[in-house]
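For reference, start-v9.cif is printed below; it contains mmCIF, C-alpha atoms.
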data_run
loop_
_atom_site.label_atom_id
_atom_site.label_comp_id
_atom_site.auth_asym_id
_atom_site.auth_seq_id
_atom_site.Cartn_x
_atom_site.Cartn_y
_atom_site.Cartn_z
CA MET A 1 5.10 17.55 -40.68
CA ILE A 2 3.71 16.94 -37.22
CA THR A 3 5.64 17.71 -34.08
CA TYR A 4 4.49 16.39 -30.75
CA LYS A 5 5.59 17.51 -27.31
CA PRO A 6 4.47 15.59 -24.27
CA SER A 7 3.60 17.39 -21.09
CA ALA A 8 6.77 18.72 -19.51
CA ARG A 9 5.26 19.98 -16.31
CA LEU A 10 4.21 18.34 -13.14
CA GLY A 11 1.30 20.70 -12.81
CA THR A 12 0.13 22.62 -9.81
CA LEU A 13 -0.22 21.14 -6.39
CA ASN A 14 -3.78 20.84 -5.20
CA GLU A 15 -4.75 20.18 -1.63
CA GLU A 16 -7.88 19.12 0.20
CA ASP A 17 -8.11 18.77 3.97
CA PHE A 18 -11.75 17.61 4.16
CA THR A 19 -12.35 19.71 7.24
CA SER A 20 -15.73 20.62 5.77
CA ASP A 21 -18.03 19.16 3.17
CA PRO A 22 -15.91 19.31 -0.03
CA THR A 23 -18.82 18.84 -2.43
CA ALA A 24 -18.73 22.47 -3.49
CA ARG A 25 -15.00 22.11 -4.15
CA GLY A 26 -15.53 19.43 -6.76
CA TRP A 27 -15.58 16.28 -4.68
CA SER A 28 -18.18 13.58 -4.40
CA ILE A 29 -18.24 11.20 -1.47
CA THR A 30 -20.19 7.97 -1.58
CA ASN A 31 -20.63 5.58 1.28
CA ASN A 32 -21.59 2.06 0.30
CA GLY A 33 -20.79 0.61 3.67
CA THR A 34 -22.68 0.22 6.89
CA GLY A 35 -20.38 2.57 8.73
CA SER A 36 -20.66 6.31 8.55
CA TYR A 37 -18.54 9.35 7.96
CA ALA A 38 -18.36 12.97 8.98
CA PHE A 39 -16.23 16.05 8.47
CA ASN A 40 -14.11 17.05 11.40
CA GLY A 41 -12.92 20.63 11.55
CA THR A 42 -9.53 19.58 12.88
CA TYR A 43 -8.75 16.16 11.50
CA GLY A 44 -10.63 15.95 8.22
CA LEU A 45 -12.77 13.21 6.77
CA GLN A 46 -13.76 10.97 9.63
CA ILE A 47 -14.37 7.30 8.88
CA ILE A 48 -16.46 5.83 11.65
CA SER A 49 -16.68 2.17 12.36
CA THR A 50 -18.88 0.91 15.13
CA THR A 51 -18.66 -2.34 16.94
CA ALA A 52 -20.99 -4.90 15.50
CA GLY A 53 -20.02 -5.96 12.05
CA PRO A 54 -19.39 -2.50 10.69
CA VAL A 55 -17.83 -1.96 7.29
CA THR A 56 -17.06 1.40 5.82
CA ASP A 57 -16.80 1.58 2.07
CA LEU A 58 -16.07 5.17 1.25
CA THR A 59 -15.36 6.44 -2.26
CA ILE A 60 -13.95 9.92 -2.65
CA GLU A 61 -13.74 11.21 -6.16
CA ASN A 62 -12.75 14.53 -7.61
CA THR A 63 -15.46 15.26 -10.14
CA THR A 64 -13.73 18.14 -11.88
CA THR A 65 -10.10 17.17 -12.17
CA LYS A 66 -8.38 13.91 -12.72
CA LEU A 67 -5.80 13.24 -10.04
CA GLN A 68 -2.64 13.11 -11.98
CA GLN A 69 0.95 12.09 -11.66
CA TYR A 70 1.32 12.48 -7.93
CA LEU A 71 -0.83 11.73 -4.95
CA SER A 72 -0.22 12.18 -1.27
CA LEU A 73 -2.39 10.69 1.44
CA LYS A 74 -2.27 11.58 5.09
CA PHE A 75 -4.19 9.73 7.76
CA TYR A 76 -4.79 10.41 11.39
CA ASN A 77 -5.91 8.00 14.01
CA VAL A 78 -7.29 9.25 17.29
CA THR A 79 -9.12 6.36 18.80
CA ALA A 80 -7.93 3.14 20.29
CA THR A 81 -8.38 0.10 18.13
CA ARG A 82 -7.24 -2.38 20.71
CA SER A 83 -8.96 -5.67 21.27
CA PHE A 84 -10.63 -5.83 17.91
CA SER A 85 -10.83 -9.36 16.65
CA PRO A 86 -10.34 -9.76 13.82
CA VAL A 87 -8.33 -6.56 13.55
CA PRO A 88 -9.59 -3.76 11.32
CA VAL A 89 -8.20 -3.74 7.82
CA LEU A 90 -7.54 -0.55 5.90
CA LYS A 91 -7.60 -0.81 2.12
CA ILE A 92 -6.90 1.85 -0.46
CA TYR A 93 -8.14 1.57 -4.03
CA LEU A 94 -7.21 3.75 -6.99
CA ASP A 95 -9.76 3.55 -9.80
CA ASP A 96 -11.16 0.40 -8.21
CA VAL A 97 -7.79 -1.33 -8.10
CA GLU A 98 -6.69 -2.35 -4.63
CA VAL A 99 -3.23 -0.95 -4.10
CA ILE A 100 -2.72 -1.50 -0.43
CA SER A 101 -4.19 -3.57 2.34
CA VAL A 102 -2.97 -3.14 5.87
CA SER A 103 -4.13 -4.73 9.05
CA LEU A 104 -4.48 -2.16 11.76
CA SER A 105 -3.23 -4.60 14.31
CA SER A 106 -4.12 -3.63 17.80
CA ALA A 107 -1.97 -4.20 20.77
CA SER A 108 -3.25 -6.56 23.37
CA SER A 109 -3.30 -3.67 25.75
CA GLY A 110 -2.87 0.00 25.46
CA ASN A 111 -4.08 2.27 22.75
CA ASP A 112 -1.71 1.58 19.93
CA PHE A 113 -1.91 -0.09 16.61
CA TYR A 114 0.62 -0.95 14.01
CA GLY A 115 0.07 1.97 11.74
CA LEU A 116 0.80 3.09 8.26
CA VAL A 117 3.92 5.13 8.38
CA ASN A 118 5.31 5.33 4.93
CA ILE A 119 3.64 4.24 1.73
CA ASN A 120 5.45 4.44 -1.55
CA LEU A 121 3.36 3.38 -4.46
CA PHE A 122 4.71 3.20 -7.96
CA LYS A 123 2.22 2.64 -10.67
CA ASN A 124 3.30 1.43 -14.05
CA THR A 125 -0.15 0.60 -15.32
CA PRO A 126 -3.53 0.80 -13.64
CA THR A 127 -3.36 -2.78 -12.46
CA ASP A 128 0.34 -2.88 -11.84
CA TYR A 129 0.92 -0.88 -8.71
CA LYS A 130 4.19 -1.53 -7.07
CA TYR A 131 4.34 -0.47 -3.49
CA ASN A 132 6.02 -0.94 -0.23
CA TYR A 133 5.11 0.30 3.15
CA ILE A 134 6.50 0.14 6.61
CA ILE A 135 4.49 -1.02 9.52
CA ALA A 136 5.39 0.99 12.52
CA GLN A 137 6.57 -0.60 15.65
CA THR A 138 3.99 -0.58 18.33
CA SER A 139 4.75 1.68 21.21
CA ASN A 140 2.97 4.21 23.24
CA SER A 141 4.30 6.98 21.07
CA ILE A 142 3.24 5.49 17.75
CA GLY A 143 -0.25 4.56 16.78
CA ASN A 144 -2.92 6.43 18.57
CA ASN A 145 -3.03 10.15 17.89
CA ASN A 146 -0.48 9.98 15.13
CA TYR A 147 -0.29 10.88 11.49
CA TYR A 148 0.56 8.40 8.79
CA SER A 149 1.25 9.54 5.31
CA GLY A 150 2.37 8.26 1.97
CA THR A 151 2.77 9.28 -1.61
CA VAL A 152 1.74 7.72 -4.86
CA ASN A 153 3.78 8.26 -7.97
CA LEU A 154 1.35 7.68 -10.80
CA ASN A 155 4.09 7.54 -13.41
CA LYS A 156 2.39 9.48 -16.20
CA ASN A 157 -0.96 7.87 -15.60
CA SER A 158 -3.82 9.35 -13.66
CA VAL A 159 -6.65 8.25 -11.46
CA SER A 160 -9.97 9.87 -10.74
CA LYS A 161 -11.34 7.79 -7.92
CA ILE A 162 -9.96 6.94 -4.54
CA LYS A 163 -11.73 4.41 -2.41
CA ILE A 164 -10.88 3.73 1.19
CA THR A 165 -12.41 0.98 3.20
CA VAL A 166 -12.05 0.13 6.84
CA THR A 167 -13.37 -3.27 7.73
CA SER A 168 -13.76 -4.15 11.36
CA ASN A 169 -16.09 -7.01 11.82
CA GLY A 170 -15.10 -7.92 15.29
CA ALA A 171 -16.21 -6.71 18.65
CA GLY A 172 -14.08 -4.31 20.58
CA TYR A 173 -13.78 -0.74 21.62
CA SER A 174 -16.23 1.36 19.74
CA PRO A 175 -16.53 3.53 17.86
CA GLN A 176 -13.20 3.83 16.15
CA TYR A 177 -12.18 6.70 14.01
CA LEU A 178 -9.75 6.98 11.19
CA TYR A 179 -9.33 10.30 9.44
CA ILE A 180 -8.24 11.22 5.96
CA THR A 181 -6.58 14.38 7.04
CA ASN A 182 -4.98 15.63 3.90
CA LEU A 183 -4.95 14.75 0.24
CA LYS A 184 -2.57 16.40 -2.17
CA TRP A 185 -2.41 15.81 -5.88
CA VAL A 186 -0.81 17.20 -8.98
CA MET X 1 14.45 17.21 -65.46
CA ILE X 2 13.28 19.29 -62.52
CA ILE X 3 10.28 17.79 -60.82
CA THR X 4 8.08 20.48 -59.36
CA ALA X 5 6.40 18.93 -56.36
CA ALA X 6 3.48 20.98 -55.12
CA GLU X 7 4.20 23.69 -52.63
CA GLY X 8 3.78 22.35 -49.12
CA ALA X 9 3.84 18.77 -50.36
CA PHE X 10 6.26 16.35 -48.71
CA PRO X 11 8.39 14.32 -48.96
CA LYS X 12 10.66 16.02 -51.46
CA ILE X 13 12.89 13.98 -53.67
CA ASP X 14 16.10 14.95 -55.41
CA GLY X 15 15.38 17.66 -57.98
CA ASP X 16 12.22 18.94 -56.30
CA LYS X 17 11.76 22.61 -55.60
CA PHE X 18 11.63 24.06 -52.16
CA TYR X 19 9.32 27.05 -51.90
CA ALA X 20 9.95 30.13 -49.82
CA SER X 21 6.93 29.41 -47.64
CA GLU X 22 8.32 25.96 -46.88
CA ILE X 23 11.74 27.26 -45.98
CA ASN X 24 10.18 30.01 -43.90
CA SER X 25 8.22 27.40 -41.97
CA PHE X 26 11.43 25.50 -41.21
CA PHE X 27 12.80 28.64 -39.64
CA GLY X 28 9.52 29.51 -37.95
CA SER X 29 9.13 32.73 -39.97
CA TYR X 30 5.56 33.80 -40.53
CA ALA X 31 3.74 36.98 -41.42
CA ASP X 32 1.45 36.84 -38.44
CA VAL X 33 0.35 34.72 -35.50
CA LYS X 34 -3.29 34.51 -34.54
CA THR X 35 -4.06 33.08 -31.13
CA PHE X 36 -7.20 31.44 -29.82
CA ASN X 37 -8.43 29.85 -26.63
CA LEU X 38 -10.94 27.03 -26.62
CA ALA X 39 -12.76 26.18 -23.41
CA VAL X 40 -13.27 22.42 -23.46
CA THR X 41 -15.98 20.53 -21.59
CA ASN X 42 -17.68 17.17 -21.95
CA SER X 43 -19.75 18.65 -24.78
CA THR X 44 -18.04 19.38 -28.06
CA SER X 45 -16.83 22.96 -28.49
CA THR X 46 -15.30 24.53 -31.56
CA VAL X 47 -13.07 27.44 -32.45
CA ASP X 48 -13.70 28.86 -35.90
CA LEU X 49 -10.53 29.65 -37.84
CA SER X 50 -12.21 30.41 -41.14
CA GLY X 51 -11.73 34.15 -40.67
CA THR X 52 -7.97 33.74 -40.64
CA ASP X 53 -6.41 33.79 -44.08
CA TYR X 54 -3.28 32.07 -45.35
CA LYS X 55 -2.99 29.50 -42.57
CA TYR X 56 0.28 27.57 -42.78
CA THR X 57 0.94 26.03 -39.38
CA MET X 58 -1.05 25.42 -36.24
CA ILE X 59 -0.08 24.63 -32.65
CA ILE X 60 -2.65 23.08 -30.33
CA ARG X 61 -1.68 22.86 -26.68
CA ASN X 62 -3.75 21.42 -23.87
CA ILE X 63 -2.93 23.93 -21.15
CA GLY X 64 -5.26 22.49 -18.53
CA TYR X 65 -5.03 19.49 -16.27
CA VAL X 66 -7.63 17.27 -17.91
CA ASP X 67 -7.04 15.05 -20.93
CA CYS X 68 -9.11 15.84 -24.00
CA PHE X 69 -9.79 14.79 -27.57
CA PHE X 70 -9.63 17.03 -30.62
CA ASP X 71 -10.72 17.00 -34.24
CA LEU X 72 -10.18 19.19 -37.30
CA ASP X 73 -12.97 20.50 -39.52
CA ASN X 74 -15.49 18.38 -37.67
CA SER X 75 -17.39 18.22 -34.41
CA CYS X 76 -15.56 16.24 -31.79
CA ALA X 77 -16.35 13.09 -29.83
CA THR X 78 -14.35 11.09 -27.32
CA THR X 79 -13.40 8.83 -30.19
CA CYS X 80 -11.25 11.57 -31.74
CA GLN X 81 -7.54 12.29 -31.38
CA PHE X 82 -6.30 12.06 -27.79
CA LEU X 83 -4.36 15.03 -26.39
CA PRO X 84 -3.16 14.53 -22.83
CA ALA X 85 -3.11 17.36 -20.33
CA GLY X 86 -0.07 19.54 -20.90
CA ALA X 87 0.74 18.06 -24.31
CA GLU X 88 1.18 20.00 -27.54
CA VAL X 89 0.86 19.10 -31.20
CA THR X 90 2.15 21.20 -34.10
CA LEU X 91 0.65 20.71 -37.56
CA ASN X 92 2.89 22.17 -40.24
CA ASN X 93 1.95 22.93 -43.83
CA CYS X 94 -1.74 22.48 -43.27
CA SER X 95 -4.84 24.61 -43.39
CA PHE X 96 -7.96 23.68 -41.45
CA GLN X 97 -11.01 25.82 -40.80
CA ASN X 98 -11.82 24.81 -37.25
CA VAL X 99 -10.62 22.89 -34.23
CA SER X 100 -13.08 21.13 -31.96
CA ALA X 101 -12.46 19.38 -28.66
CA ILE X 102 -14.16 17.47 -25.88
CA THR X 103 -13.31 15.89 -22.53
CA THR X 104 -14.65 12.68 -21.08
CA SER X 105 -15.40 14.62 -17.92
CA GLY X 106 -14.14 17.81 -16.39
CA THR X 107 -12.84 20.87 -18.18
CA THR X 108 -9.63 22.04 -19.77
CA THR X 109 -8.47 24.70 -22.21
CA LEU X 110 -6.79 24.49 -25.57
CA SER X 111 -4.38 27.25 -26.46
CA ILE X 112 -4.19 27.48 -30.25
CA ALA X 113 -1.74 29.46 -32.35
CA VAL X 114 -2.25 29.80 -36.10
CA PHE X 115 0.78 30.94 -38.09
CA THR X 116 -0.02 32.71 -41.34
CA GLY X 117 1.73 33.83 -44.49
CA TYR X 118 1.15 36.60 -47.01
CA ALA X 119 -0.78 34.70 -49.66
CA ASP X 120 -2.70 31.55 -50.40
CA LYS X 121 -0.55 28.55 -51.06
CA ILE X 122 -1.24 25.35 -52.85
CA GLY X 123 -0.34 21.85 -51.76
CA TYR X 124 -1.09 22.46 -48.12
CA LYS X 125 -2.82 19.66 -46.27
CA THR X 126 -6.54 20.15 -45.84
CA ASN X 127 -7.65 16.54 -45.34
CA LYS X 128 -7.59 14.47 -42.21
CA GLU X 129 -8.64 11.04 -41.06
CA ILE X 130 -8.80 9.75 -37.50
CA LEU X 131 -8.57 6.05 -36.73
CA ILE X 132 -9.28 4.48 -33.35
CA LEU X 133 -7.71 1.12 -32.65
CA SER X 134 -8.82 -0.95 -29.68
CA ALA X 135 -5.73 -3.03 -29.13
CA THR X 136 -5.79 -6.37 -27.37
CA GLN X 137 -3.44 -9.32 -27.07
CA ALA X 138 -4.50 -10.26 -30.60
CA SER X 139 -3.22 -7.97 -33.35
CA SER X 140 -5.76 -5.56 -34.79
CA GLU X 141 -5.41 -3.28 -37.79
CA ASP X 142 -7.07 -0.24 -39.28
CA SER X 143 -6.43 1.57 -42.55
CA PHE X 144 -6.74 5.10 -43.83
CA THR X 145 -9.31 5.52 -46.58
CA ASP X 146 -6.69 7.20 -48.69
CA THR X 147 -4.07 4.62 -49.57
CA THR X 148 -1.81 6.55 -51.94
CA LEU X 149 -0.79 9.91 -50.46
CA PHE X 150 1.95 10.61 -47.92
CA LYS X 151 0.41 11.61 -44.60
CA ASP X 152 1.60 13.28 -41.45
CA ILE X 153 0.60 10.71 -38.87
CA LEU X 154 0.29 11.13 -35.11
CA ILE X 155 -0.20 7.93 -33.13
CA THR X 156 -1.05 8.27 -29.44
CA ASN X 157 -1.52 5.51 -26.92
CA GLU X 158 -4.41 6.50 -24.66
CA GLY X 159 -3.59 3.59 -22.39
CA PRO X 160 -4.13 2.05 -20.02
CA TYR X 161 -1.42 -0.40 -21.09
CA GLU X 162 1.58 -0.26 -23.37
CA VAL X 163 1.00 -1.13 -26.98
CA TYR X 164 3.19 -2.20 -29.91
CA ILE X 165 2.74 -0.50 -33.27
CA ALA X 166 3.46 -1.76 -36.77
CA PHE X 167 2.90 -0.13 -40.15
CA GLY X 168 1.28 -3.06 -41.85
CA ALA X 169 -1.45 -5.62 -41.47
CA THR X 170 -0.17 -7.35 -38.35
CA ALA X 171 1.65 -6.23 -35.21
CA ALA X 172 3.74 -8.29 -32.82
CA THR X 173 5.06 -7.53 -29.34
CA THR X 174 8.46 -7.01 -30.90
CA ASP X 175 7.22 -3.96 -32.82
CA PHE X 176 7.55 -0.31 -31.76
CA ARG X 177 6.47 0.09 -28.17
CA LEU X 178 4.42 3.03 -26.96
CA GLU X 179 3.87 3.53 -23.26
CA PRO X 180 0.51 4.87 -22.12
CA ARG X 181 0.16 8.56 -23.11
CA GLU X 182 3.18 8.42 -25.42
CA SER X 183 3.05 9.33 -29.10
CA LEU X 184 4.82 8.60 -32.35
CA VAL X 185 4.88 10.93 -35.35
CA VAL X 186 5.87 10.06 -38.90
CA ASN X 187 5.28 11.12 -42.49
CA THR X 188 4.69 8.05 -44.59
CA VAL X 189 2.68 6.62 -47.43
CA LYS X 190 1.93 3.54 -45.35
CA TYR X 191 -1.80 3.43 -44.75
CA GLN X 192 -2.18 0.32 -42.58
CA ILE X 193 -1.48 0.56 -38.88
CA ALA X 194 -1.63 -2.43 -36.56
CA ALA X 195 -1.42 -2.65 -32.80
CA ILE X 196 -1.08 -5.37 -30.20
CA CYS X 197 -0.85 -5.50 -26.41
CA ASN X 198 0.76 -7.91 -24.04
CA THR X 199 -1.26 -10.90 -22.91
CA GLY X 200 -4.35 -9.92 -20.97
CA GLU X 201 -3.91 -6.19 -21.59
CA THR X 202 -5.72 -3.63 -23.71
CA ALA X 203 -5.13 -0.12 -24.97
CA THR X 204 -6.87 2.46 -27.08
CA VAL X 205 -4.77 4.00 -29.82
CA SER X 206 -5.84 7.16 -31.61
CA ILE X 207 -4.29 7.89 -34.98
CA LEU X 208 -4.48 11.20 -36.82
CA GLY X 209 -3.54 11.30 -40.48
CA VAL X 210 -3.22 14.70 -42.19
CA TYR X 211 -2.72 14.99 -45.94
#

Is it possible to give me this structure as structure tokens?
Amino acid sequence: MITYKPSARLGTLNEEDFTSDPTARGWSITNNGTGSYAFNGTYGLQIISTTAGPVTDLTIENTTTKLQQYLSLKFYNVTATRSFSPVPVLKIYLDDVEVISVSLSSASSGNDFYGLVNINLFKNTPTDYKYNYIIAQTSNSIGNNNYYSGTVNLNKNSVSKIKITVTSNGAGYSPQYLYITNLKWV
Amino acid sequence: MIITAAEGAFPKIDGDKFYASEINSFFGSYADVKTFNLAVTNSTSTVDLSGTDYKYTMIIRNIGYVDCFFDLDNSCATTCQFLPAGAEVTLNNCSFQNVSAITTSGTTTLSIAVFTGYADKIGYKTNKEILILSATQASSEDSFTDTTLFKDILITNEGPYEVYIAFGATAATTDFRLEPRESLVVNTVKYQIAAICNTGETATVSILGVY
């Protein structure tokens, strides 16, 4: 007789703030884009897009532990994205599957953009992510210098690779920064 | 006429004997419990159980946070039996000499408990076969080499998609559905197992047969 018990636990909560190079903590970061990145001691992993045709294509991957069951992403924007045309587009991929694509629409004036406020992703299978998100209203209090966060319920599956791209091919204020400020996973 | 099925051999039929060791295993009563830890990496690692006598039952639990694969009395590859992180499998009425395991990447730990009795028993399962089915939208089938004995069978869907399981030559999407990382256990003499996925989807199914 065989008895089988599936995992009954959610596991422990892991957290990475990317305020320093996380390589020694089991992360690999690959940049296949023309933009650049850096580690900011306050805000985390800084994605830098410059003016002329820049594209960041950043893959962050935990090389020691599969990200399982639950994922939380927190972003921080500190630089104006106004007057970009076309507007920058933020995309998030899990194991090379695009799960969200959001235009970081800039206001015609001021420093705001329509930001990610709440992402709820529900994954039934690796290519069947179901998600919804809310685009914040533009105002002087939302957008620049604000945090945007969301969670991913992986529904018993797991991912090992997170890819984040910021595409901003138009001219405008430069450089622009978007930070991955906090990543939590179980 | 009393039919005397071998000790540890199942299923029983009317008139068969139940042995004390079998009844004790139902109640979880054993003479001793030996415990082992196996550190698992992307290279096969093995825990040797040959020094433990009178093995009746074994629990293998993946206590880490990385999925792994395990094998019995053999070195392990990533084409062996899938054991998700946090999952546990109990093999009753069996006696194997080692457990090996491997991860695709990363590390985990297997916590292993071996429950023992007071004497050697006969009829306990010492054979195993592992089948790997790559399921697609077209039904595929694999068979155990042994086609006559009842086997304890563990079927696990490694994913990434749901799969439908049949005990025969052909599966349909109306057969038993296993979500990714779910398992099905059964003791049966059926030796053919078929699997099929929904259109455009695939899944890997690992199947352990112990007899």

Would you mind reading off the distance between CA of Ala101 in chain X and CA of Cys68 in chain X, one decimal, in Å?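 We find that CA of Ala101 in chain X and CA of Cys68 in chain X lie 6.7 Å from each other.
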
Set the distance at 7 Å and use only C-alpha atoms: which residues neighbour range 156-170 of chain X once local chain neighbours fewer than 2 positions away are removed? I'd like the list as a PyMOL selection string. (chain A and resi 125-126) or (chain X and resi 82+139-141+154+172-173+175-184+190+192-197+201-207)

Specify as a ChimeraX atom specification each residue included when the PyMOL selection byres ((chain X and resi 79) around 9) is applied to this file. /X:69,76-78,80-82,130-132,206

Export of the given selection (C-alpha atoms) as a PDB file, in the frame of the given file:
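And here's out.pdb as it stands now:
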ATOM      1  CA  PHE X  69      -9.790  14.790 -27.570  1.00  0.00           C
ATOM      2  CA  CYS X  76     -15.560  16.240 -31.790  1.00  0.00           C
ATOM      3  CA  ALA X  77     -16.350  13.090 -29.830  1.00  0.00           C
ATOM      4  CA  THR X  78     -14.350  11.090 -27.320  1.00  0.00           C
ATOM      5  CA  CYS X  80     -11.250  11.570 -31.740  1.00  0.00           C
ATOM      6  CA  GLN X  81      -7.540  12.290 -31.380  1.00  0.00           C
ATOM      7  CA  PHE X  82      -6.300  12.060 -27.790  1.00  0.00           C
ATOM      8  CA  ILE X 130      -8.800   9.750 -37.500  1.00  0.00           C
ATOM      9  CA  LEU X 131      -8.570   6.050 -36.730  1.00  0.00           C
ATOM     10  CA  ILE X 132      -9.280   4.480 -33.350  1.00  0.00           C
ATOM     11  CA  SER X 206      -5.840   7.160 -31.610  1.00  0.00           C
TER      12      SER X 206
END

Near chain A, 9 Å: chain X residue rows, closest pairs, all atoms listed in the file, as CSV:
residue,atom,partner,partner_atom,distance
X:Phe10,CA,A:Met1,CA,8.2
X:Asn62,CA,A:Ser7,CA,8.8
X:Gly64,CA,A:Gly11,CA,8.9
X:Tyr65,CA,A:Thr65,CA,6.9
X:Val66,CA,A:Lys66,CA,6.2
X:Asp67,CA,A:Lys66,CA,8.4
X:Pro84,CA,A:Ser7,CA,7.5
X:Ala85,CA,A:Ser7,CA,6.8
X:Gly86,CA,A:Ser7,CA,4.3
X:Ala87,CA,A:Ser7,CA,4.4
X:Glu88,CA,A:Lys5,CA,5.1
X:Val89,CA,A:Tyr4,CA,4.6
X:Thr90,CA,A:Thr3,CA,4.9
X:Leu91,CA,A:Ile2,CA,4.9
X:Asn92,CA,A:Met1,CA,5.1
X:Asn93,CA,A:Met1,CA,7.0
X:Cys94,CA,A:Met1,CA,8.8
X:Ser105,CA,A:Thr64,CA,7.2
X:Gly106,CA,A:Thr64,CA,4.5
X:Thr107,CA,A:Thr64,CA,6.9
X:Lys151,CA,A:Met1,CA,8.5
X:Asp152,CA,A:Met1,CA,5.6
X:Ile153,CA,A:Ile2,CA,7.2
X:Leu154,CA,A:Ile2,CA,7.1
X:Gly159,CA,A:Thr125,CA,8.4
X:Pro160,CA,A:Thr125,CA,6.3
X:Tyr161,CA,A:Thr125,CA,6.0
X:Glu162,CA,A:Thr125,CA,8.3
X:Pro180,CA,A:Asn157,CA,7.3
X:Arg181,CA,A:Lys156,CA,7.3
X:Glu182,CA,A:Pro6,CA,7.4
X:Ser183,CA,A:Tyr4,CA,7.4
X:Leu184,CA,A:Tyr4,CA,8.0
X:Val185,CA,A:Ile2,CA,6.4
X:Val186,CA,A:Ile2,CA,7.4
X:Asn187,CA,A:Met1,CA,6.7
X:Val210,CA,A:Ile2,CA,8.8

What separation in Å, quoted to one decimal, exists between CA of Asp71 in chain X and CA of Gly209 in chain X? 11.1 Å

Here is a test: counting all atoms listed in the file, which residue of X:Thr35, X:Thr145, X:Thr52, X:Thr136 is nearest to Asp120 in chain X?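 So, comparing all the options, the nearest one is X:Thr52.
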
For the file shown, report as a compact mmCIF listing (two decimals) with C-alpha atoms, keeping the file's coordinate frame the outcome of the PyMOL selection byres ((chain X and resi 54-60) around 10) at residue level.
# COMPACT_ATOMS: atom_id res chain seq x y z
CA MET A 1 5.10 17.55 -40.68
CA ILE A 2 3.71 16.94 -37.22
CA THR A 3 5.64 17.71 -34.08
CA TYR A 4 4.49 16.39 -30.75
CA GLY X 8 3.78 22.35 -49.12
CA SER X 21 6.93 29.41 -47.64
CA GLU X 22 8.32 25.96 -46.88
CA SER X 25 8.22 27.40 -41.97
CA GLY X 28 9.52 29.51 -37.95
CA TYR X 30 5.56 33.80 -40.53
CA ALA X 31 3.74 36.98 -41.42
CA ASP X 32 1.45 36.84 -38.44
CA VAL X 33 0.35 34.72 -35.50
CA LYS X 34 -3.29 34.51 -34.54
CA THR X 35 -4.06 33.08 -31.13
CA PHE X 36 -7.20 31.44 -29.82
CA ASN X 37 -8.43 29.85 -26.63
CA LEU X 38 -10.94 27.03 -26.62
CA LEU X 49 -10.53 29.65 -37.84
CA SER X 50 -12.21 30.41 -41.14
CA GLY X 51 -11.73 34.15 -40.67
CA THR X 52 -7.97 33.74 -40.64
CA ASP X 53 -6.41 33.79 -44.08
CA ARG X 61 -1.68 22.86 -26.68
CA ASN X 62 -3.75 21.42 -23.87
CA ILE X 63 -2.93 23.93 -21.15
CA PHE X 70 -9.63 17.03 -30.62
CA LEU X 83 -4.36 15.03 -26.39
CA ALA X 87 0.74 18.06 -24.31
CA GLU X 88 1.18 20.00 -27.54
CA VAL X 89 0.86 19.10 -31.20
CA THR X 90 2.15 21.20 -34.10
CA LEU X 91 0.65 20.71 -37.56
CA ASN X 92 2.89 22.17 -40.24
CA ASN X 93 1.95 22.93 -43.83
CA CYS X 94 -1.74 22.48 -43.27
CA SER X 95 -4.84 24.61 -43.39
CA PHE X 96 -7.96 23.68 -41.45
CA GLN X 97 -11.01 25.82 -40.80
CA VAL X 99 -10.62 22.89 -34.23
CA LEU X 110 -6.79 24.49 -25.57
CA SER X 111 -4.38 27.25 -26.46
CA ILE X 112 -4.19 27.48 -30.25
CA ALA X 113 -1.74 29.46 -32.35
CA VAL X 114 -2.25 29.80 -36.10
CA PHE X 115 0.78 30.94 -38.09
CA THR X 116 -0.02 32.71 -41.34
CA GLY X 117 1.73 33.83 -44.49
CA TYR X 118 1.15 36.60 -47.01
CA ALA X 119 -0.78 34.70 -49.66
CA ASP X 120 -2.70 31.55 -50.40
CA LYS X 121 -0.55 28.55 -51.06
CA TYR X 124 -1.09 22.46 -48.12
CA LYS X 125 -2.82 19.66 -46.27

What gap, in Å, lies between CA of Ile60 in chain A and CA of Gly41 in chain A?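 Computing the Euclidean distance for CA of Ile60 in chain A and CA of Gly41 in chain A yields 17.8 Å.
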
In terms of the shortest atom-to-atom distance over only C-alpha atoms, which of A:Glu98, A:Asn31, A:Tyr179, A:Thr59 is closest to Lys161 in chain A?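 Checking each of A:Glu98, A:Asn31, A:Tyr179, A:Thr59 against Lys161 in chain A, counting only C-alpha atoms, the winner is A:Thr59.
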
Using only C-alpha atoms: which of X:Phe18, X:Ala5, X:Thr104, X:Thr44 has the shortest distance to Ser75 in chain X: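 The shortest atom-to-atom distance to Ser75 in chain X comes from X:Thr44.
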
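Counting all atoms listed in the file, the residue from A:Thr165, A:Thr56, A:Thr181, A:Ser160 that sits nearest to Gly33 in chain A is A:Thr56.
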